[in-house]
file data.txt (compact mmCIF, C-alpha atoms)
# COMPACT_ATOMS: atom_id res chain seq x y z
CA MET Q 615 31.82 -19.59 10.55
CA ALA Q 616 30.96 -21.37 7.33
CA ARG Q 617 27.59 -20.77 5.72
CA GLN Q 618 26.84 -24.29 4.49
CA ALA Q 619 23.41 -25.41 5.69
CA SER Q 620 22.46 -28.79 7.10
CA GLN Q 621 19.11 -30.56 6.83
CA ILE Q 622 20.15 -33.57 8.94
CA SER Q 623 17.75 -33.15 11.84
CA LYS Q 624 14.17 -34.24 11.05
CA ALA Q 625 12.66 -32.43 14.04
CA PRO Q 626 10.63 -29.30 13.20
CA LEU Q 627 12.97 -26.34 12.87
CA ILE Q 628 11.59 -23.24 14.56
CA GLU Q 629 13.05 -19.74 14.45
CA LEU Q 630 13.40 -17.89 17.74
CA ARG Q 631 11.41 -14.67 17.41
CA ALA Q 632 10.84 -11.76 19.78
CA THR Q 633 9.35 -8.30 20.11
CA LYS Q 634 11.45 -5.19 20.66
CA GLY Q 635 10.07 -4.82 24.17
CA ALA Q 636 11.04 -8.38 25.10
CA LEU Q 637 14.56 -7.88 23.75
CA ASP Q 638 15.00 -4.56 25.54
CA GLN Q 639 14.03 -6.22 28.82
CA ARG Q 640 16.35 -9.14 28.12
CA TRP Q 641 19.35 -6.91 27.44
CA LEU Q 642 18.69 -4.97 30.65
CA SER Q 643 18.52 -8.28 32.51
CA ILE Q 644 21.81 -9.48 30.98
CA SER Q 645 23.49 -6.20 31.94
CA SER Q 646 22.28 -6.53 35.54
CA GLN Q 647 23.64 -10.10 35.73
CA LEU Q 648 26.85 -9.82 33.72
CA ALA Q 649 28.31 -6.68 35.31
CA PRO Q 650 28.37 -7.94 38.93
CA LEU Q 651 29.40 -11.42 37.75
CA LEU Q 652 32.57 -9.85 36.33
CA GLY Q 653 33.03 -7.42 39.23
CA PHE Q 654 31.80 -4.22 37.56
CA ASN Q 655 28.98 -1.70 37.94
CA ALA Q 656 26.53 -0.47 35.32
CA GLN Q 657 28.80 2.38 34.21
CA GLN Q 658 31.75 0.06 33.73
CA LEU Q 659 29.91 -2.67 31.83
CA ARG Q 660 26.54 -2.95 30.10
CA ILE Q 661 24.93 -4.43 27.01
CA ASP Q 662 24.75 -2.16 23.97
CA ALA Q 663 22.33 -2.79 21.08
CA GLU Q 664 22.60 -0.94 17.77
CA ALA Q 665 20.25 -1.30 14.82
CA GLN Q 666 21.87 -1.14 11.39
CA ALA Q 667 19.67 -1.52 8.30
CA GLU Q 668 17.81 -4.84 8.75
CA ARG Q 669 19.85 -6.19 11.65
CA VAL Q 670 20.51 -5.47 15.34
CA TRP Q 671 24.08 -5.91 16.61
CA VAL Q 672 24.58 -6.40 20.34
CA GLY Q 673 27.88 -6.09 22.19
CA LEU Q 674 29.57 -4.78 25.32
CA LYS Q 675 29.99 -1.16 26.35
CA GLY Q 676 31.34 0.74 29.35
CA SER Q 677 34.48 2.19 30.89
CA ALA Q 678 35.90 -1.26 31.70
CA CYS Q 679 35.91 -2.25 28.01
CA GLU Q 680 38.84 -2.09 25.62
CA ARG Q 681 38.90 -2.37 21.85
CA VAL Q 682 40.35 -5.40 20.06
CA ASP Q 683 40.49 -6.71 16.51
CA ARG Q 684 38.84 -10.10 16.05
CA ASN Q 685 40.34 -12.67 13.70
CA ARG Q 686 37.13 -12.25 11.73
CA GLY Q 687 34.36 -9.71 12.01
CA GLY Q 688 36.35 -6.53 12.60
CA ALA Q 689 36.73 -4.63 15.86
CA ALA Q 690 34.92 -5.42 19.10
CA ARG Q 691 34.89 -4.34 22.74
CA VAL Q 692 36.10 -6.77 25.39
CA VAL Q 693 36.13 -6.72 29.17
CA PRO Q 694 38.38 -8.47 31.72
CA LEU Q 695 36.99 -11.94 32.34
CA ARG Q 696 39.61 -13.33 34.71
CA ALA Q 697 43.05 -12.34 35.94
CA LEU Q 698 45.73 -14.89 35.12
CA GLN Q 699 49.39 -15.01 36.15
CA LYS Q 700 52.09 -12.45 35.31
CA ASP Q 701 49.60 -9.56 34.93
CA LEU Q 702 47.90 -11.32 32.01
CA PHE Q 703 44.11 -11.26 31.69
CA ALA Q 704 41.55 -13.32 29.84
CA TRP Q 705 39.16 -10.92 28.09
CA LEU Q 706 35.54 -11.54 27.12
CA GLY Q 707 33.82 -10.32 23.98
CA LEU Q 708 30.11 -10.73 23.24
CA GLN Q 709 28.28 -10.51 19.94
CA GLU Q 710 24.58 -11.15 19.48
CA VAL Q 711 22.75 -10.59 16.20
CA TRP Q 712 19.04 -10.37 15.41
CA ASP Q 713 17.52 -9.97 11.95
CA ILE Q 714 14.65 -7.49 11.61
CA GLU Q 715 11.68 -8.74 9.60
CA VAL Q 716 7.93 -8.02 9.82
CA GLY Q 717 5.06 -9.36 11.89
CA PRO Q 718 4.03 -9.32 15.56
CA ARG Q 719 7.47 -10.63 16.59
CA PRO Q 720 9.72 -9.15 13.90
CA PHE Q 721 13.11 -9.80 15.53
CA VAL Q 722 14.61 -13.18 14.54
CA PHE Q 723 17.58 -14.63 16.41
CA ARG Q 724 20.63 -15.11 14.18
CA GLN Q 725 23.52 -15.91 16.53
CA LEU Q 726 25.15 -15.36 19.92
CA GLY Q 727 28.88 -15.70 20.47
CA LEU Q 728 31.29 -15.33 23.37
CA THR Q 729 34.94 -14.81 22.43
CA VAL Q 730 37.95 -15.02 24.76
CA HIS Q 731 41.20 -13.14 24.16
CA PHE Q 732 44.44 -13.02 26.16
CA GLY Q 733 46.26 -9.77 26.80
CA TYR Q 734 47.38 -7.01 29.15
CA LEU Q 735 45.43 -4.04 30.46
CA GLY Q 736 45.73 -1.13 28.06
CA ASP Q 737 47.50 -3.16 25.36
CA PRO Q 738 45.59 -3.26 22.04
CA ILE Q 739 47.22 -6.59 21.12
CA LYS Q 740 44.98 -9.27 22.59
CA PRO Q 741 45.20 -12.50 20.56
CA GLN Q 742 41.92 -14.36 20.12
CA ALA Q 743 42.05 -17.71 21.94
CA PHE Q 744 38.66 -19.44 21.59
CA ARG Q 745 34.95 -18.81 21.28
CA LEU Q 746 31.61 -20.35 22.18
CA GLU Q 747 28.83 -19.80 19.65
CA TRP Q 748 25.17 -20.64 19.19
CA PRO Q 749 23.69 -19.87 15.76
CA GLY Q 750 19.93 -19.77 15.39
CA ILE Q 751 17.63 -21.51 12.94
CA ARG Q 752 17.65 -19.45 9.74
CA ASP Q 753 17.46 -19.79 5.98
CA TRP Q 754 21.25 -19.74 5.73
CA THR Q 755 21.54 -20.64 2.04
CA GLY Q 756 18.17 -19.87 0.50
CA ALA Q 757 17.09 -23.52 0.68
CA GLY Q 758 14.79 -23.18 3.70
CA LEU Q 759 15.20 -23.22 7.46
CA SER Q 760 18.24 -25.15 8.65
CA PHE Q 761 21.01 -25.41 11.18
CA GLN Q 762 24.15 -23.54 10.21
CA THR Q 763 27.19 -25.51 8.98
CA SER Q 764 26.65 -29.09 7.85
CA GLY Q 765 26.78 -31.63 10.69
CA ALA Q 766 28.31 -29.21 13.21
CA GLY Q 767 27.32 -29.14 16.86
CA HIS Q 768 25.16 -26.30 18.15
CA PRO Q 769 26.13 -24.66 20.40
CA HIS Q 770 29.83 -25.26 19.81
CA TRP Q 771 33.36 -24.23 20.75
CA GLN Q 772 35.95 -23.07 18.21
CA ILE Q 773 39.67 -22.80 18.98
CA ASP Q 774 41.38 -19.72 17.52
CA ILE Q 775 44.74 -19.52 19.28
CA LEU Q 776 46.77 -21.24 16.54
CA GLU Q 777 45.32 -18.95 13.89
CA SER Q 778 46.12 -15.94 16.08
CA LEU Q 779 49.71 -17.08 16.52
CA ALA Q 780 50.06 -17.77 12.80
CA GLU Q 781 48.99 -14.23 11.95
CA ARG Q 782 51.82 -12.89 14.09
CA LYS Q 783 54.44 -15.32 12.80
CA ASN Q 784 57.27 -13.98 10.66
CA GLU Q 785 56.50 -14.44 6.96
CA GLY Q 786 59.86 -16.07 6.49
CA PHE Q 787 58.39 -19.43 7.47
CA ALA Q 788 56.05 -19.43 4.47
CA VAL Q 789 58.98 -18.97 2.12
CA GLU Q 790 60.98 -21.66 3.91
CA LEU Q 791 58.10 -24.14 3.72
CA ALA Q 792 57.50 -23.46 0.03
CA GLU Q 793 61.19 -24.00 -0.75
CA ALA Q 794 61.25 -27.25 1.23
CA VAL Q 795 58.28 -28.60 -0.74
CA GLU Q 796 59.15 -27.36 -4.23
CA ASP Q 797 62.92 -27.87 -4.39
CA PHE Q 798 62.89 -31.57 -5.26
CA GLY Q 799 66.47 -31.47 -6.55
CA ALA Q 800 67.87 -30.57 -3.15
CA GLU Q 801 67.80 -32.57 0.03
CA GLN Q 802 64.34 -32.21 1.50
CA ARG Q 803 64.21 -30.51 4.87
CA MET Q 804 61.19 -31.01 7.11
CA PRO Q 805 59.66 -27.79 8.43
CA ASP Q 806 59.81 -27.16 12.16
CA LEU Q 807 56.87 -28.87 13.88
CA ASN Q 808 55.99 -25.83 15.99
CA ASP Q 809 55.83 -23.67 12.88
CA LEU Q 810 53.82 -26.28 11.01
CA LEU Q 811 51.25 -26.56 13.80
CA ARG Q 812 50.51 -22.86 13.45
CA THR Q 813 49.25 -23.49 9.91
CA ILE Q 814 46.63 -26.13 10.82
CA SER Q 815 43.13 -24.67 10.52
CA ILE Q 816 41.85 -25.93 13.88
CA GLU Q 817 39.66 -22.82 14.07
CA LYS Q 818 37.35 -24.38 11.45
CA MET Q 819 36.39 -27.25 13.75
CA HIS Q 820 33.05 -26.99 15.57
CA LEU Q 821 33.38 -28.79 18.91
CA ALA Q 822 29.91 -29.60 20.20
CA SER Q 823 29.21 -28.27 23.69
CA ALA Q 824 25.80 -29.91 24.19
CA ALA Q 825 25.99 -33.39 22.68
CA ARG Q 826 23.77 -36.11 24.15
CA TRP Q 827 25.68 -38.99 22.60
CA TRP Q 828 25.03 -41.27 25.58
CA LEU Q 829 21.37 -41.57 24.56
CA PRO Q 830 20.20 -44.43 22.31
CA ALA Q 831 20.79 -43.82 18.63
CA THR Q 832 17.92 -42.45 16.55
CA SER Q 833 17.29 -41.95 12.86
CA ASP Q 834 18.61 -38.40 13.27
CA VAL Q 835 22.27 -39.40 13.16
CA HIS Q 836 23.62 -35.98 14.10
CA GLY Q 837 20.58 -34.63 15.91
CA GLN Q 838 21.91 -35.32 19.39
CA HIS Q 839 24.52 -32.58 19.07
CA MET Q 840 22.41 -30.02 17.16
CA ASN Q 841 20.23 -27.89 19.43
CA MET Q 842 17.87 -25.01 18.70
CA PRO Q 843 17.80 -22.05 21.10
CA PRO Q 844 14.58 -22.72 23.05
CA ASP Q 845 13.42 -19.24 24.11
CA LEU Q 846 14.76 -15.91 25.38
CA ALA Q 847 15.05 -17.10 28.97
CA GLY Q 848 16.96 -20.21 27.93
CA LEU Q 849 19.31 -18.20 25.74
CA THR Q 850 20.04 -15.84 28.63
CA ARG Q 851 20.67 -18.71 31.05
CA TRP Q 852 23.05 -20.27 28.53
CA LEU Q 853 24.96 -17.00 28.24
CA THR Q 854 25.40 -16.37 31.97
CA HIS Q 855 26.25 -19.98 32.84
CA SER Q 856 28.73 -20.11 29.95
CA VAL Q 857 30.53 -17.05 31.32
CA GLN Q 858 30.65 -18.62 34.78
CA TYR Q 859 32.03 -21.84 33.33
CA MET Q 860 34.73 -19.98 31.41
CA GLN Q 861 35.77 -18.19 34.59
CA GLN Q 862 35.98 -21.51 36.39
CA GLU Q 863 38.09 -23.21 33.73
CA LEU Q 864 40.38 -20.24 33.09
CA ALA Q 865 41.40 -20.49 36.75
CA ARG Q 866 43.21 -23.69 35.77
CA CYS Q 867 45.47 -21.86 33.29
CA VAL Q 868 49.07 -21.51 34.51
CA PHE Q 869 52.39 -20.87 32.80
CA ARG Q 870 54.51 -23.97 32.31
CA VAL Q 871 57.76 -22.07 32.82
call {"tool": "encode", "arguments": {"input": "data.txt", "output": "structure tokens"}}
result
Amino acid sequence: MARQASQISKAPLIELRATKGALDQRWLSISSQLAPLLGFNAQQLRIDAEAQAERVWVGLKGSACERVDRNRGGAARVVPLRALQKDLFAWLGLQEVWDIEVGPRPFVFRQLGLTVHFGYLGDPIKPQAFRLEWPGIRDWTGAGLSFQTSGAGHPHWQIDILESLAERKNEGFAVELAEAVEDFGAEQRMPDLNDLLRTISIEKMHLASAARWWLPATSDVHGQHMNMPPDLAGLTRWLTHSVQYMQQELARCVFRV
């Protein structure tokens, strides 16, 4: 995600803070909800939190998990989210990050993201398809507390499948496209549309998932699609209901041929 801050909303911006004890209890609660929701026990799937320097990184762990490479952010562990057709699975990755500061509630929420990949059991190649993310209120640029990414919806969806396909596309297309653009003396040849679509950076779009645009307009032009995480309980409810919604919608995915 981009790191450009936005000061559009005029409502007071409040960081979500917590104690270590509250976070430990929350992660135990998420484990107890997420594992049975996906059809696993505590040994097969649980939440894993690891402190590194001034930050806590939270992800998935257990015997049901497999390792994948994200388009950004390095390796992660994913777990089967839903079986699709032809032995294909949708896989779920989770990443939650808290900054460690000082004070009575020193842990400050930075972001929570759910990423979906497609792939086979035991196959390390699992292209990243889309993600649902909720960044917290932080001083993203050194200019004071703000939402992350100017004007973007929070929480939001981002679509990664075209970028994933482009990374696996033969490099010959890049040469072909460059020749088609630069060789003005020859007859211009339009690149193949399917190949061209793979180069569009759709993954940079932030598609608001909680936009109240039906409400009357206010002076905060973009405020109706920019939401702060309310509290730990609300963040946990958002996570579990989001996973349930993904399961529901992935059931609609079928092969066209």
call {"tool": "atom_distance", "arguments": {"input": "data.txt", "atom1": "CA of Ser856 in chain Q", "atom2": "CA of Leu746 in chain Q"}}
result
8.3 Å
call {"tool": "residues_around", "arguments": {"input": "data.txt", "residues": "Phe723 in chain Q", "least_positions_apart": "4", "cutoff": "10 Å", "atoms": "only C-alpha atoms", "output": "list in words"}}
result
Glu629, Leu630, Arg631, Ala632, Arg669, Val670, Glu710, Val711, Trp712, Asp713, Ile714, Pro749, Gly750, Ile751, Arg752, Pro843, Asp845 and Leu846 of chain Q
call {"tool": "residues_around", "arguments": {"input": "data.txt", "residues": "range 690-699 of chain Q", "least_positions_apart": "2", "cutoff": "9 Å", "atoms": "only C-alpha atoms", "output": "CSV table (one decimal) with C-alpha atoms, keeping the file's coordinate frame"}}
result
chain,number,residue,atom,x,y,z
Q,652,LEU,CA,32.6,-9.8,36.3
Q,659,LEU,CA,29.9,-2.7,31.8
Q,673,GLY,CA,27.9,-6.1,22.2
Q,674,LEU,CA,29.6,-4.8,25.3
Q,675,LYS,CA,30.0,-1.2,26.4
Q,676,GLY,CA,31.3,0.7,29.4
Q,678,ALA,CA,35.9,-1.3,31.7
Q,679,CYS,CA,35.9,-2.2,28.0
Q,680,GLU,CA,38.8,-2.1,25.6
Q,681,ARG,CA,38.9,-2.4,21.8
Q,682,VAL,CA,40.4,-5.4,20.1
Q,683,ASP,CA,40.5,-6.7,16.5
Q,684,ARG,CA,38.8,-10.1,16.0
Q,687,GLY,CA,34.4,-9.7,12.0
Q,688,GLY,CA,36.4,-6.5,12.6
Q,701,ASP,CA,49.6,-9.6,34.9
Q,702,LEU,CA,47.9,-11.3,32.0
Q,703,PHE,CA,44.1,-11.3,31.7
Q,704,ALA,CA,41.6,-13.3,29.8
Q,705,TRP,CA,39.2,-10.9,28.1
Q,706,LEU,CA,35.5,-11.5,27.1
Q,707,GLY,CA,33.8,-10.3,24.0
Q,708,LEU,CA,30.1,-10.7,23.2
Q,709,GLN,CA,28.3,-10.5,19.9
Q,729,THR,CA,34.9,-14.8,22.4
Q,730,VAL,CA,38.0,-15.0,24.8
Q,731,HIS,CA,41.2,-13.1,24.2
Q,735,LEU,CA,45.4,-4.0,30.5
Q,857,VAL,CA,30.5,-17.0,31.3
Q,860,MET,CA,34.7,-20.0,31.4
Q,861,GLN,CA,35.8,-18.2,34.6
Q,864,LEU,CA,40.4,-20.2,33.1
Q,865,ALA,CA,41.4,-20.5,36.8
Q,867,CYS,CA,45.5,-21.9,33.3
Q,868,VAL,CA,49.1,-21.5,34.5
Q,869,PHE,CA,52.4,-20.9,32.8
call {"tool": "closest_residue", "arguments": {"input": "data.txt", "among": "Q:Leu779, Q:Ala766, Q:Ala831, Q:Val672", "to": "Ile739 in chain Q", "atoms": "all atoms listed in the file"}}
result
Q:Leu779
call {"tool": "residues_around", "arguments": {"input": "data.txt", "residues": "range 635-649 of chain Q", "least_positions_apart": "6", "cutoff": "6 Å", "atoms": "all atoms listed in the file", "output": "count of residues only"}}
result
4
call {"tool": "atom_distance", "arguments": {"input": "data.txt", "atom1": "CA of Leu726 in chain Q", "atom2": "CA of Ala825 in chain Q"}}
result
18.3 Å
call {"tool": "atom_distance", "arguments": {"input": "data.txt", "atom1": "CA of Glu777 in chain Q", "atom2": "CA of Leu810 in chain Q"}}
result
11.6 Å
call {"tool": "closest_residue", "arguments": {"input": "data.txt", "among": "Q:Phe761, Q:Gly767, Q:Leu811, Q:His855", "to": "Arg826 in chain Q", "atoms": "all atoms listed in the file"}}
result
Q:Gly767
